[in-house]
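Below you'll find the structure, written out as C-alpha cells, and then a few comments.
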Amino acid sequence: MPKYWGETALSEQIPKAHAPPIGARRQRLARLLTEMVPGASTLRVSQRQPGRGWPSPYARAHDAHGEPIALNRSQRVTLARWVIRAHPELTFGEACDLNLTTGCMRPAVEACAAAGRGC
C-alpha cells in the first residue's frame, strides 16, 4: 500500500523520465552505506543470520583486506534491508556480496571462489 503525502502517492511524485538510472541509484546507495560503515569495502547480505533458523535480514561488513568490521544489531538489519530493497531481482536465500566501490552485487560463493578461498 503506497504511503501518501497530501493527495499524491510517493511513487507518483517523481516522473519516471527524471528518475536516475538504476546503476546510478545503486552507486549512490553504495556511497551511503560506506558513510554508515567507514572503512568497509564489502557487505555480505543474507536473509538469515548464521546459526539461526528463522529469516531475519543480516549484513556483515568487511574492509579491503577481508577483515570483519564490527556492526551493532541495528546497523546489520538496516544495511541488509537497504540492500535487499535496492536489489529486488535477487533472491537472498544465499548470501550475496555488495562491492561498495562499484555498487556491484554477486553471490558470496562466486566472490569466495574468485578470491581463492573457501567460505
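Residues are referred to by chain and number: the chain letter is A, B, ... according to the order shown in the C-alpha cells, the number counts from 1 in that chain, and ligands are numbered separately from 1 in the order shown.
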As a ChimeraX atom specification, please: the residues near stretch 96-112 of chain A (cut-off 10 Å, only C-alpha atoms, same-chain neighbours under 5 positions excluded). /A:23-34,40-47,59-62,83-84,87,90-91,117-119
Selected residues, C-alpha atoms, written as a PDB file, in the first residue's frame, please.
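Now in again-v9.pdb:
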ATOM      1  CA  GLY A  23      23.154   1.948 -11.866  1.00  0.00           C
ATOM      2  CA  ALA A  24      23.370   5.487 -10.511  1.00  0.00           C
ATOM      3  CA  ARG A  25      20.974   4.655  -7.689  1.00  0.00           C
ATOM      4  CA  ARG A  26      22.987   1.582  -6.724  1.00  0.00           C
ATOM      5  CA  GLN A  27      26.240   3.560  -6.725  1.00  0.00           C
ATOM      6  CA  ARG A  28      24.593   6.220  -4.571  1.00  0.00           C
ATOM      7  CA  LEU A  29      23.416   3.507  -2.184  1.00  0.00           C
ATOM      8  CA  ALA A  30      26.972   2.122  -2.027  1.00  0.00           C
ATOM      9  CA  ARG A  31      28.291   5.601  -1.129  1.00  0.00           C
ATOM     10  CA  LEU A  32      25.660   5.992   1.601  1.00  0.00           C
ATOM     11  CA  LEU A  33      26.483   2.581   3.037  1.00  0.00           C
ATOM     12  CA  THR A  34      30.190   3.464   3.008  1.00  0.00           C
ATOM     13  CA  ALA A  40      34.064  -1.040   4.659  1.00  0.00           C
ATOM     14  CA  SER A  41      34.627  -2.214   1.110  1.00  0.00           C
ATOM     15  CA  THR A  42      32.238  -5.196   1.012  1.00  0.00           C
ATOM     16  CA  LEU A  43      28.898  -6.032   2.589  1.00  0.00           C
ATOM     17  CA  ARG A  44      27.692  -9.627   2.794  1.00  0.00           C
ATOM     18  CA  VAL A  45      23.899  -9.688   2.953  1.00  0.00           C
ATOM     19  CA  SER A  46      21.534 -12.573   3.570  1.00  0.00           C
ATOM     20  CA  GLN A  47      18.013 -13.314   4.789  1.00  0.00           C
ATOM     21  CA  ALA A  59      24.623  -7.977   6.973  1.00  0.00           C
ATOM     22  CA  ARG A  60      28.339  -8.263   7.682  1.00  0.00           C
ATOM     23  CA  ALA A  61      30.905  -5.647   6.683  1.00  0.00           C
ATOM     24  CA  HIS A  62      34.488  -6.343   5.595  1.00  0.00           C
ATOM     25  CA  VAL A  83      20.487  -3.648   0.072  1.00  0.00           C
ATOM     26  CA  ILE A  84      17.636  -6.150  -0.246  1.00  0.00           C
ATOM     27  CA  HIS A  87      18.125  -5.382  -5.467  1.00  0.00           C
ATOM     28  CA  LEU A  90      17.960 -11.219  -6.461  1.00  0.00           C
ATOM     29  CA  THR A  91      16.875 -13.936  -4.091  1.00  0.00           C
ATOM     30  CA  ARG A 117      39.318 -19.218  -0.521  1.00  0.00           C
ATOM     31  CA  GLY A 118      36.504 -21.383   0.745  1.00  0.00           C
ATOM     32  CA  CYS A 119      33.769 -19.631   2.690  1.00  0.00           C
TER      33      CYS A 119
END
Would you please work out which residue, of A:Ala95, A:Val77, A:Met36, A:Trp82, is nearest to A:Pro57 when using only C-alpha atoms?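 Among the listed residues, A:Val77 lies closest to A:Pro57.
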Can you list, as a ChimeraX atom specification, every residue of stretch 34-92 of chain A that DSSP puts in alpha helix (DSSP H)? /A:34-36,73-86
